[in-house]
$ cat query_38.cif   # mmCIF, C-alpha atoms
data_protein
loop_
_atom_site.label_atom_id
_atom_site.label_comp_id
_atom_site.auth_asym_id
_atom_site.auth_seq_id
_atom_site.Cartn_x
_atom_site.Cartn_y
_atom_site.Cartn_z
CA MET J 27 -18.49 -0.17 11.62
CA ALA J 28 -19.69 2.27 14.19
CA LEU J 29 -19.08 1.54 17.83
CA LEU J 30 -21.24 1.82 20.92
CA ARG J 31 -19.23 3.29 23.77
CA ALA J 32 -19.54 3.76 27.51
CA ALA J 33 -17.17 4.55 30.36
CA LYS J 34 -17.19 4.43 34.14
CA PRO J 35 -14.71 5.42 36.85
CA LEU J 36 -13.66 2.26 38.71
CA MET J 37 -10.66 1.05 40.70
CA GLY J 38 -9.04 4.46 40.69
CA THR J 39 -9.08 4.66 36.92
CA VAL J 40 -11.62 4.58 34.11
CA PHE J 41 -12.99 1.43 32.52
CA SER J 42 -14.48 1.86 29.10
CA ILE J 43 -16.11 -0.36 26.55
CA ALA J 44 -16.61 -0.25 22.81
CA ALA J 45 -18.68 -2.75 20.86
CA PRO J 46 -19.83 -2.92 17.25
CA ASP J 47 -23.25 -1.31 16.90
CA THR J 48 -24.64 -4.49 15.44
CA VAL J 49 -25.44 -5.49 19.01
CA ASP J 50 -28.79 -4.39 20.45
CA PRO J 51 -28.24 -1.07 22.31
CA ASP J 52 -30.45 -2.10 25.23
CA ALA J 53 -28.66 -5.42 25.61
CA PHE J 54 -25.35 -3.56 25.43
CA GLU J 55 -26.42 -1.15 28.16
CA ARG J 56 -27.70 -3.91 30.43
CA ALA J 57 -24.55 -5.98 29.94
CA TRP J 58 -22.33 -2.97 30.63
CA GLN J 59 -24.22 -2.09 33.80
CA GLU J 60 -23.90 -5.65 35.01
CA ALA J 61 -20.18 -5.69 34.20
CA CYS J 62 -19.76 -2.43 36.13
CA GLY J 63 -21.58 -3.98 39.07
CA LEU J 64 -19.19 -6.91 39.03
CA LEU J 65 -16.16 -4.60 38.82
CA GLY J 66 -17.50 -2.46 41.65
CA ARG J 67 -17.92 -5.53 43.84
CA ILE J 68 -14.40 -6.71 43.02
CA GLU J 69 -13.10 -3.28 44.00
CA GLU J 70 -14.85 -3.55 47.38
CA ILE J 71 -13.17 -6.88 48.06
CA TYR J 72 -9.67 -6.13 46.79
CA SER J 73 -9.14 -2.44 47.46
CA PRO J 74 -6.22 -1.82 49.82
CA PHE J 75 -7.60 1.69 50.32
CA ILE J 76 -10.77 0.46 52.06
CA PRO J 77 -9.55 -0.11 55.62
CA ASP J 78 -11.71 -3.17 56.35
CA SER J 79 -11.76 -4.77 52.91
CA PRO J 80 -10.75 -8.46 52.89
CA VAL J 81 -7.44 -7.51 51.26
CA SER J 82 -6.76 -4.90 53.96
CA ARG J 83 -7.57 -7.46 56.66
CA ILE J 84 -5.06 -9.91 55.18
CA ARG J 85 -2.45 -7.16 54.83
CA ASP J 86 -3.01 -6.15 58.45
CA GLY J 87 -2.65 -9.74 59.61
CA LEU J 88 -6.22 -9.92 60.93
CA ILE J 89 -7.05 -12.92 58.77
CA GLY J 90 -5.08 -15.39 56.68
CA PRO J 91 -5.83 -17.03 53.33
CA GLY J 92 -7.15 -20.05 55.22
CA ASP J 93 -9.89 -17.93 56.81
CA LEU J 94 -11.54 -16.79 53.59
CA ASP J 95 -14.46 -19.22 53.85
CA GLN J 96 -15.35 -17.83 57.30
CA GLN J 97 -15.70 -14.18 56.24
CA ALA J 98 -19.20 -12.73 56.56
CA ASP J 99 -18.60 -10.28 53.71
CA LEU J 100 -17.52 -12.95 51.20
CA THR J 101 -19.79 -15.47 49.52
CA ALA J 102 -18.46 -18.97 48.92
CA ASP J 103 -17.90 -18.12 45.27
CA GLU J 104 -16.07 -14.92 46.20
CA ALA J 105 -13.84 -16.81 48.62
CA GLN J 106 -13.05 -19.24 45.81
CA ASP J 107 -12.30 -16.31 43.49
CA PHE J 108 -10.01 -14.86 46.14
CA ARG J 109 -8.01 -18.08 46.20
CA GLU J 110 -7.81 -17.89 42.42
CA VAL J 111 -6.36 -14.37 42.68
CA LEU J 112 -3.85 -15.53 45.31
CA GLY J 113 -2.91 -18.37 42.97
CA LEU J 114 -2.45 -15.89 40.13
CA CYS J 115 -0.20 -13.73 42.32
CA ALA J 116 1.84 -16.82 43.27
CA GLN J 117 2.15 -17.85 39.62
CA LEU J 118 3.37 -14.39 38.65
CA ARG J 119 5.86 -14.35 41.53
CA ASN J 120 7.27 -17.73 40.49
CA GLU J 121 7.44 -16.95 36.81
CA SER J 122 9.12 -13.61 37.38
CA ASP J 123 11.57 -14.91 39.99
CA GLY J 124 10.07 -12.52 42.49
CA ALA J 125 10.06 -9.40 40.32
CA PHE J 126 6.28 -9.35 40.66
CA ASP J 127 5.52 -10.09 44.29
CA ALA J 128 2.10 -9.14 45.66
CA TRP J 129 3.32 -9.91 49.17
CA LEU J 130 6.24 -7.48 48.99
CA VAL J 131 4.82 -4.22 47.68
CA GLY J 132 6.22 -0.92 48.88
CA GLU J 133 8.43 0.02 51.77
CA PRO J 134 7.91 -1.46 54.29
CA PRO J 135 6.89 -4.46 52.17
CA ASN J 136 3.21 -5.32 52.36
CA PHE J 137 0.54 -7.45 50.75
CA ASP J 138 -1.10 -5.64 47.84
CA PRO J 139 -2.50 -7.71 44.94
CA CYS J 140 -3.63 -4.63 42.94
CA GLY J 141 -1.11 -5.35 40.19
CA ALA J 142 -2.90 -8.58 39.34
CA VAL J 143 -6.48 -7.75 40.31
CA LYS J 144 -7.27 -5.15 37.68
CA GLY J 145 -6.45 -7.43 34.75
CA TRP J 146 -8.15 -10.37 36.43
CA ALA J 147 -11.25 -8.24 37.04
CA ALA J 148 -11.30 -7.12 33.41
CA GLU J 149 -11.13 -10.76 32.32
CA ARG J 150 -14.12 -11.56 34.52
CA ALA J 151 -16.05 -8.56 33.20
CA SER J 152 -15.22 -9.49 29.61
CA ASP J 153 -16.49 -13.05 30.19
CA LEU J 154 -19.69 -11.62 31.62
CA LEU J 155 -20.17 -9.35 28.61
CA VAL J 156 -19.93 -12.38 26.32
CA GLU J 157 -22.45 -14.28 28.44
CA ARG J 158 -24.82 -11.33 28.29
CA GLY J 159 -24.86 -11.09 24.51
CA VAL J 160 -21.95 -8.76 23.71
CA PRO J 161 -19.53 -11.25 22.14
CA ALA J 162 -17.39 -8.71 20.28
CA HIS J 163 -16.05 -5.92 22.45
CA LEU J 164 -13.08 -3.95 23.59
CA LEU J 165 -12.76 -3.48 27.33
CA ASN J 166 -10.24 -0.83 28.28
CA ALA J 167 -9.14 -0.94 31.91
CA GLY J 168 -7.26 2.35 32.07
CA GLY J 169 -4.89 1.53 29.22
CA ASP J 170 -4.84 -2.25 29.62
CA VAL J 171 -7.17 -3.75 27.08
CA ARG J 172 -9.10 -7.00 26.61
CA LEU J 173 -10.34 -7.52 23.09
CA ARG J 174 -12.78 -10.00 21.60
CA THR J 175 -14.24 -10.29 18.15
CA ASP J 176 -16.93 -12.22 16.35
CA GLY J 177 -14.20 -14.15 14.58
CA VAL J 178 -14.18 -11.92 11.52
CA ALA J 179 -13.03 -8.42 12.36
CA THR J 180 -9.89 -7.49 14.26
CA TRP J 181 -9.13 -4.65 16.62
CA SER J 182 -6.36 -2.17 16.10
CA VAL J 183 -4.44 -1.21 19.22
CA GLY J 184 -1.99 1.66 19.34
CA VAL J 185 0.87 1.39 21.82
CA GLU J 186 1.58 4.68 23.50
CA ASP J 187 5.01 6.24 23.15
CA PRO J 188 6.00 6.89 26.78
CA HIS J 189 8.38 9.68 25.82
CA ARG J 190 5.85 11.41 23.58
CA PRO J 191 2.42 10.52 24.96
CA GLU J 192 0.58 12.20 22.09
CA GLN J 193 2.10 9.71 19.67
CA ILE J 194 1.87 6.00 19.18
CA LEU J 195 4.89 3.76 19.00
CA ALA J 196 3.37 0.83 17.16
CA ARG J 197 0.07 -0.49 16.00
CA LEU J 198 -1.00 -3.99 16.98
CA THR J 199 -3.65 -6.07 15.32
CA VAL J 200 -5.51 -8.31 17.76
CA ALA J 201 -8.61 -10.40 17.18
CA ASP J 202 -9.02 -12.05 20.56
CA GLY J 203 -6.60 -11.35 23.35
CA ALA J 204 -5.11 -8.78 25.64
CA VAL J 205 -2.69 -5.89 25.46
CA ALA J 206 -1.25 -4.57 28.72
CA THR J 207 1.14 -1.68 29.15
CA SER J 208 2.95 -0.73 32.32
CA GLY J 209 5.02 2.39 32.53
CA THR J 210 6.75 4.75 34.86
CA ARG J 211 5.75 7.79 32.86
CA GLN J 212 2.33 8.69 34.12
CA ARG J 213 2.76 8.34 37.83
CA GLY J 214 6.46 8.51 38.17
CA SER J 215 8.03 5.28 39.34
CA HIS J 216 4.96 3.52 40.69
CA VAL J 217 6.22 0.01 40.13
CA TRP J 218 8.18 -1.35 43.05
CA ASP J 219 11.21 -3.57 42.49
CA PRO J 220 10.90 -6.01 45.40
CA LEU J 221 14.26 -7.62 44.70
CA ARG J 222 16.20 -4.38 45.05
CA ARG J 223 13.68 -2.70 47.36
CA ARG J 224 13.39 0.51 45.39
CA PRO J 225 11.19 1.97 42.65
CA ALA J 226 11.80 0.33 39.30
CA ALA J 227 14.22 2.13 36.97
CA GLY J 228 15.82 1.68 33.58
CA VAL J 229 12.73 0.75 31.57
CA ALA J 230 10.13 3.42 30.84
CA GLN J 231 7.40 1.18 29.46
CA VAL J 232 6.61 -2.46 28.81
CA THR J 233 3.81 -3.72 26.57
CA ILE J 234 2.71 -7.35 26.57
CA VAL J 235 0.32 -8.93 24.11
CA GLY J 236 -1.14 -12.36 24.84
CA PRO J 237 -4.32 -14.31 25.57
CA ASP J 238 -5.10 -13.28 29.17
CA LEU J 239 -5.09 -9.73 30.49
CA ALA J 240 -4.33 -10.67 34.10
CA LEU J 241 -1.13 -12.47 33.10
CA ALA J 242 -0.22 -9.91 30.43
CA ASP J 243 -0.56 -7.12 32.99
CA GLY J 244 1.44 -9.05 35.58
CA TYR J 245 4.25 -9.83 33.13
CA ALA J 246 4.38 -6.17 32.07
CA THR J 247 4.66 -5.06 35.69
CA ALA J 248 7.32 -7.70 36.41
CA ALA J 249 9.39 -6.69 33.37
CA LEU J 250 9.21 -3.05 34.39
CA ALA J 251 10.45 -3.95 37.87
CA LEU J 252 13.31 -5.99 36.37
CA GLY J 253 14.69 -2.87 34.67
CA ASP J 254 17.82 -3.76 32.74
CA ARG J 255 16.99 -7.49 33.01
CA ALA J 256 13.59 -7.01 31.37
CA ARG J 257 14.74 -8.10 27.91
CA ASP J 258 16.07 -11.45 29.14
CA PHE J 259 12.83 -12.06 31.02
CA LEU J 260 10.65 -11.20 28.03
CA ALA J 261 12.80 -13.14 25.55
CA GLU J 262 12.42 -16.24 27.71
CA LEU J 263 8.70 -15.64 28.19
CA GLY J 264 8.19 -15.14 24.46
CA ALA J 265 10.18 -18.26 23.57
CA ARG J 266 8.06 -20.58 25.71
CA GLY J 267 4.57 -19.24 25.17
CA PRO J 268 2.13 -16.85 23.61
CA TYR J 269 3.05 -13.74 25.64
CA GLN J 270 5.16 -11.37 23.57
CA GLY J 271 6.69 -8.12 24.75
CA CYS J 272 8.01 -4.74 23.68
CA THR J 273 10.03 -2.40 25.87
CA VAL J 274 11.03 1.24 25.71
CA ASP J 275 13.89 2.11 27.99
CA ASP J 276 14.62 5.38 29.75
CA GLY J 277 17.09 6.23 27.00
CA GLN J 278 14.30 5.74 24.45
CA GLY J 279 15.69 2.53 22.96
CA VAL J 280 12.93 0.28 21.66
CA TRP J 281 13.13 -3.51 21.77
CA TRP J 282 10.65 -6.29 21.08
CA THR J 283 10.47 -10.07 20.99
CA GLU J 284 10.34 -11.87 17.69
CA GLY J 285 6.78 -13.06 18.30
CA PHE J 286 5.67 -9.48 18.92
CA GLU J 287 5.99 -8.93 15.18
CA ASP J 288 3.11 -11.38 14.62
CA HIS J 289 0.86 -8.73 16.14
CA ALA J 290 2.63 -5.73 14.66
CA PRO J 291 3.19 -6.46 10.97
CA ALA J 292 4.82 -3.07 10.45
CA LEU J 293 7.74 -4.18 12.61
CA ARG J 294 8.46 -7.17 10.37
CA GLY J 295 11.46 -6.69 8.21
CA LEU J 296 12.95 -4.10 10.51
CA LEU J 297 16.27 -4.87 12.05
CA ARG J 298 15.14 -6.16 15.40
CA PRO J 299 17.40 -4.83 18.16
CA SER J 300 19.13 -7.68 19.97
CA MET M 4 24.64 0.73 19.38
CA ARG M 5 24.71 1.42 15.65
CA LYS M 6 22.25 -1.41 15.14
CA VAL M 7 19.90 0.13 17.64
CA VAL M 8 20.09 3.52 16.00
CA LEU M 9 19.42 1.98 12.62
CA ALA M 10 16.52 -0.03 13.95
CA LEU M 11 15.02 3.04 15.55
CA LEU M 12 15.39 5.02 12.39
CA LEU M 13 13.78 2.26 10.37
CA THR M 14 11.06 2.01 12.97
CA ALA M 15 10.46 5.70 12.65
CA VAL M 16 10.24 5.47 8.89
CA GLY M 17 7.90 2.51 9.12
CA LEU M 18 5.72 4.08 11.72
CA GLY M 19 5.66 7.38 9.94
CA LEU M 20 3.13 5.85 7.63
CA LEU M 21 0.94 4.92 10.56
CA LEU M 22 1.26 8.08 12.55
CA SER M 23 -1.19 10.23 10.77
CA PHE M 24 -2.46 12.46 13.51
CA LYS M 25 -1.14 15.84 14.40
CA SER M 26 0.47 16.45 17.70
CA ARG M 27 -2.11 18.33 19.71
CA ALA M 28 0.08 19.20 22.66
CA ALA M 29 1.39 22.57 21.70
CA THR M 30 3.66 22.55 24.72
CA ALA M 31 5.38 19.35 23.66
CA THR M 32 9.07 19.81 23.44
CA GLY M 33 11.22 17.44 21.46
CA THR M 34 13.94 15.56 23.21
CA THR M 35 17.49 15.40 22.04
CA ALA M 36 17.97 11.81 23.09
CA LEU M 37 18.42 8.87 20.79
CA GLY M 38 15.69 8.53 18.23
CA GLY M 39 13.73 11.43 19.59
CA SER M 40 13.96 13.72 16.64
CA ALA M 41 13.19 10.99 14.14
CA LEU M 42 10.05 9.93 15.97
CA SER M 43 9.02 13.49 16.61
CA GLY M 44 9.37 14.17 12.94
CA SER M 45 7.07 11.34 12.02
CA GLY M 46 4.57 12.54 14.57
CA THR M 47 4.02 15.78 12.74
CA THR M 48 2.85 13.99 9.62
CA THR M 49 -0.27 15.73 8.50
CA ALA M 50 -3.53 13.84 8.67
CA PRO M 51 -5.09 13.00 5.32
CA THR M 52 -7.59 15.75 4.67
CA GLY M 53 -10.35 13.48 3.45
CA ALA M 54 -10.51 11.65 6.75
CA ALA M 55 -11.12 14.62 9.01
CA SER M 56 -14.71 14.10 9.96
CA PRO M 57 -14.61 13.92 13.72
CA THR M 58 -17.64 13.11 15.81
CA PRO M 59 -19.07 15.90 17.93
CA SER M 60 -17.64 14.50 21.15
CA ALA M 61 -14.22 14.08 19.59
CA THR M 62 -14.32 17.69 18.49
CA ALA M 63 -15.27 18.88 21.93
CA SER M 64 -12.66 16.83 23.75
CA ALA M 65 -9.85 17.38 21.29
CA SER M 66 -10.23 21.14 21.27
CA ALA M 67 -10.63 21.31 25.01
CA SER M 68 -7.60 19.16 25.66
CA ALA M 69 -5.41 21.46 23.63
CA SER M 70 -5.94 24.09 26.29
CA THR M 71 -4.02 24.18 29.50
CA SER M 72 -6.62 26.41 31.08
CA THR M 73 -7.12 26.05 34.78
CA SER M 74 -10.67 27.30 34.61
CA THR M 75 -13.06 25.42 36.81
CA SER M 76 -16.23 26.51 35.08
CA ALA M 77 -18.34 24.05 33.19
CA ALA M 78 -18.15 24.34 29.45
CA LYS M 79 -21.37 22.93 28.12
CA THR M 80 -20.90 22.31 24.43
CA GLY M 81 -23.47 19.62 23.73
CA SER M 82 -27.10 20.08 22.90
CA GLY M 83 -29.99 18.97 25.04
CA GLY M 84 -30.10 17.28 28.42
CA LYS M 85 -26.88 16.81 30.24
CA ASN M 86 -24.79 16.24 27.15
CA GLY M 87 -21.65 18.26 26.90
CA THR M 88 -18.16 18.66 28.21
CA TYR M 89 -17.69 19.41 31.89
CA THR M 90 -14.42 20.59 33.34
CA GLY M 91 -13.66 19.40 36.83
CA ALA M 92 -12.05 21.48 39.53
CA ALA M 93 -8.27 21.55 39.55
CA GLU M 94 -7.41 19.41 42.57
CA SER M 95 -4.10 20.11 44.21
CA THR M 96 -2.13 17.07 45.29
CA GLN M 97 1.25 16.77 46.92
CA PHE M 98 2.74 16.40 43.45
CA GLY M 99 0.88 19.22 41.71
CA ASN M 100 -2.50 19.97 40.18
CA VAL M 101 -4.75 17.39 38.60
CA GLN M 102 -7.66 18.42 36.43
CA VAL M 103 -9.89 16.38 34.17
CA GLN M 104 -12.82 16.93 31.88
CA ALA M 105 -15.81 14.64 31.49
CA VAL M 106 -17.51 14.22 28.14
CA ILE M 107 -21.18 13.31 28.44
CA SER M 108 -23.21 12.10 25.50
CA GLY M 109 -26.57 10.42 25.56
CA GLY M 110 -26.70 11.39 29.23
CA LYS M 111 -23.74 9.12 30.01
CA LEU M 112 -20.07 9.51 30.64
CA THR M 113 -18.36 8.52 27.41
CA ASN M 114 -14.91 9.95 27.80
CA VAL M 115 -12.49 11.51 30.23
CA VAL M 116 -9.88 14.01 29.18
CA VAL M 117 -6.97 14.77 31.46
CA LEU M 118 -6.18 18.48 31.28
CA GLN M 119 -3.49 18.74 33.93
CA VAL M 120 -1.36 16.23 35.74
CA PRO M 121 1.85 16.69 37.64
CA ASP M 122 4.88 15.63 35.69
CA ARG M 123 6.72 13.13 37.84
CA GLY M 124 8.34 11.20 35.07
CA GLY M 125 11.69 12.80 35.48
CA TYR M 126 12.05 13.60 31.81
CA GLU M 127 13.07 17.21 31.86
CA GLY M 128 11.28 19.43 29.43
CA GLN M 129 8.72 16.76 28.74
CA ILE M 130 5.04 17.15 28.26
CA VAL M 131 2.89 17.85 31.26
CA GLN M 132 -0.37 17.25 29.52
CA ILE M 133 -1.47 13.65 29.35
CA ALA M 134 -4.66 12.31 27.90
CA LEU M 135 -6.34 9.14 28.92
CA PRO M 136 -6.12 6.40 26.30
CA GLU M 137 -9.75 6.79 25.39
CA LEU M 138 -9.35 10.37 24.29
CA LYS M 139 -6.56 9.48 21.97
CA SER M 140 -8.52 6.57 20.61
CA GLU M 141 -11.30 8.93 19.63
CA ALA M 142 -8.97 11.57 18.32
CA LEU M 143 -7.16 8.98 16.30
CA SER M 144 -10.19 7.28 14.84
CA ALA M 145 -11.64 10.65 13.94
CA GLN M 146 -8.47 11.62 12.18
CA SER M 147 -8.00 8.52 10.09
CA ALA M 148 -5.70 6.03 11.69
CA ASN M 149 -8.45 3.47 12.31
CA ILE M 150 -7.06 2.69 15.70
CA ASP M 151 -9.64 1.41 18.15
CA VAL M 152 -7.80 1.93 21.41
CA ILE M 153 -4.47 2.95 22.86
CA SER M 154 -2.62 0.80 25.36
CA GLY M 155 -0.61 2.91 27.76
CA ALA M 156 0.42 3.21 31.36
CA THR M 157 -2.47 3.72 33.73
CA TYR M 158 -3.00 7.08 35.27
CA THR M 159 -4.58 6.92 38.68
CA SER M 160 -4.67 9.22 41.64
CA GLN M 161 -6.88 10.62 44.31
CA GLY M 162 -6.79 14.04 42.64
CA TYR M 163 -7.93 12.45 39.41
CA ALA M 164 -10.94 10.87 41.09
CA GLU M 165 -11.85 14.10 42.86
CA SER M 166 -11.61 16.27 39.77
CA LEU M 167 -13.66 13.76 37.80
CA GLN M 168 -16.28 13.68 40.53
CA SER M 169 -16.63 17.46 40.44
CA ALA M 170 -17.06 17.32 36.67
CA LEU M 171 -19.73 14.62 37.04
CA ASP M 172 -21.46 16.68 39.73
CA GLN M 173 -21.73 19.56 37.28
CA ALA M 174 -23.19 17.21 34.68
CA GLY M 175 -25.74 16.02 37.22
CA LEU M 176 -24.62 12.42 36.90
#
$ encode --input "query_38.cif" --output "structure tokens"
Amino acid sequence: MALLRAAKPLMGTVFSIAAPDTVDPDAFERAWQEACGLLGRIEEIYSPFIPDSPVSRIRDGLIGPGDLDQQADLTADEAQDFREVLGLCAQLRNESDGAFDAWLVGEPPNFDPCGAVKGWAAERASDLLVERGVPAHLLNAGGDVRLRTDGVATWSVGVEDPHRPEQILARLTVADGAVATSGTRQRGSHVWDPLRRRPAAGVAQVTIVGPDLALADGYATAALALGDRARDFLAELGARGPYQGCTVDDGQGVWWTEGFEDHAPALRGLLRPS
Amino acid sequence: MRKVVLALLLTAVGLGLLLSFKSRAATATGTTALGGSALSGSGTTTAPTGAASPTPSATASASASASTSTSTSAAKTGSGGKNGTYTGAAESTQFGNVQVQAVISGGKLTNVVVLQVPDRGGYEGQIVQIALPELKSEALSAQSANIDVISGATYTSQGYAESLQSALDQAGL
């Protein structure tokens, strides 16, 4: 199976797509352009680097969440989407006991939903690709991946080894779902631990596999921020639902949840570190 | 701790079968920490010879990424139109230089290769050269592992965007 591929710089990283070449190339191109348009618009709304973006205005205290319907630069649907993103951030904050907190990012603490927006945006773009006739695809949002198939084939996802970036640590098999990886390796400690008010430490990389990329990405970020408490968090998460995790700590120890083995058959039968 | 060591060793043995691509970062230095040597060893497993039939773009990006050159000139390796590999300017940031390469095929950006990034990971003696997931996905699929994509930590920075823009400017995109 050959793949059609395309890539575009967006949201400070690169989004790329691959789809089986059984899809019509023109339809693929049109769908991709439309998806890029959607992602570009989401970036305009949620970028904290654009001084007068809606997110910047909330951060700066110029408007509150209750004012979203009165913003000239947001349609009614976009205001509704914004509330959905705020709800997602609140869900992640609750589920992580504050380890992921979009309202307490950085020092001094500020509102920055970036950690949830990229995955959410990729979910939206992936939905759009399906609607536009590209049902099987791989959407790579700078290392966080949303995968869909036609129900027959599966995708193979390599998990990067944070200590040896030219190698993979494990290979996951995913038909329909998401794989998100957060790490300290590539930008230094860029994940903030809001509970301890310092950059996250102790865990070098967290990978989450599960149905939704926005949640998978958020859980990965939260686990990274939790540092030495990441395993407890991921064990609990994996026991109650479909999100399964794998961590690599600064000392290069590798750990994964039992359910993670469902996606990585090669790990089955290994002595799983407790 | 013994359990962890054993698990890592077994992991390394298990993964050794999967890791079938050669390390392309010549500057990579092994680490002496737990599990490092075992995993490094598996990483040098030679790719099956029958599977080495890389696509033109994979060839261009893989060979270019093996270089740590700081050249800012465009290296046009494709044929016709704007296709080829374009090296962006090395952008200095407060943390160090960032330089990327854009791979254009069919007149479109299909890949981005990171040639230089500052090493802020705090792992002494570690690799400075980092590739974007997409590069490795192509390198891997070309070299046999049948991996579609790599999930890894996101690399983002202003310098990255600027270097990429200069590469795209050269490509006329």
$ closest_residue --input "query_38.cif" --among "J:Ala32, J:Leu239, J:Leu155, J:Leu260" --to "chain M" --atoms "all atoms listed in the file"
J:Ala32
$ resolve_selection --input "query_38.cif" --expression "the PyMOL selection byres ((chain J and resi 245) around 8)" --output "compact mmCIF listing (two decimals) with C-alpha atoms, in the coordinates of the input"
# COMPACT_ATOMS: atom_id res chain seq x y z
CA LEU J 118 3.37 -14.39 38.65
CA SER J 122 9.12 -13.61 37.38
CA PHE J 126 6.28 -9.35 40.66
CA ILE J 234 2.71 -7.35 26.57
CA LEU J 241 -1.13 -12.47 33.10
CA ALA J 242 -0.22 -9.91 30.43
CA ASP J 243 -0.56 -7.12 32.99
CA GLY J 244 1.44 -9.05 35.58
CA ALA J 246 4.38 -6.17 32.07
CA THR J 247 4.66 -5.06 35.69
CA ALA J 248 7.32 -7.70 36.41
CA ALA J 249 9.39 -6.69 33.37
$ resolve_selection --input "query_38.cif" --expression "the PyMOL selection byres ((chain J and resi 84) around 12)" --output "count of residues only"
30
$ atom_distance --input "query_38.cif" --atom1 "atom CA of J:Leu164" --atom2 "atom CA of J:Ala292"
22.2 Å
$ closest_residue --input "query_38.cif" --among "J:Asp202, J:Asp170, J:Asp103, J:Asp176" --to "chain M" --atoms "all atoms listed in the file"
J:Asp170
$ closest_residue --input "query_38.cif" --among "J:Val160, J:Val229, J:Ala256, J:Val111" --to "J:Pro51" --atoms "only C-alpha atoms"
J:Val160
$ atom_distance --input "query_38.cif" --atom1 "atom CA of J:Cys272" --atom2 "atom CA of J:Arg257"
8.6 Å
$ closest_residue --input "query_38.cif" --among "M:Val152, M:Ala93, M:Thr88, M:Ile107" --to "chain J" --atoms "only C-alpha atoms"
M:Val152
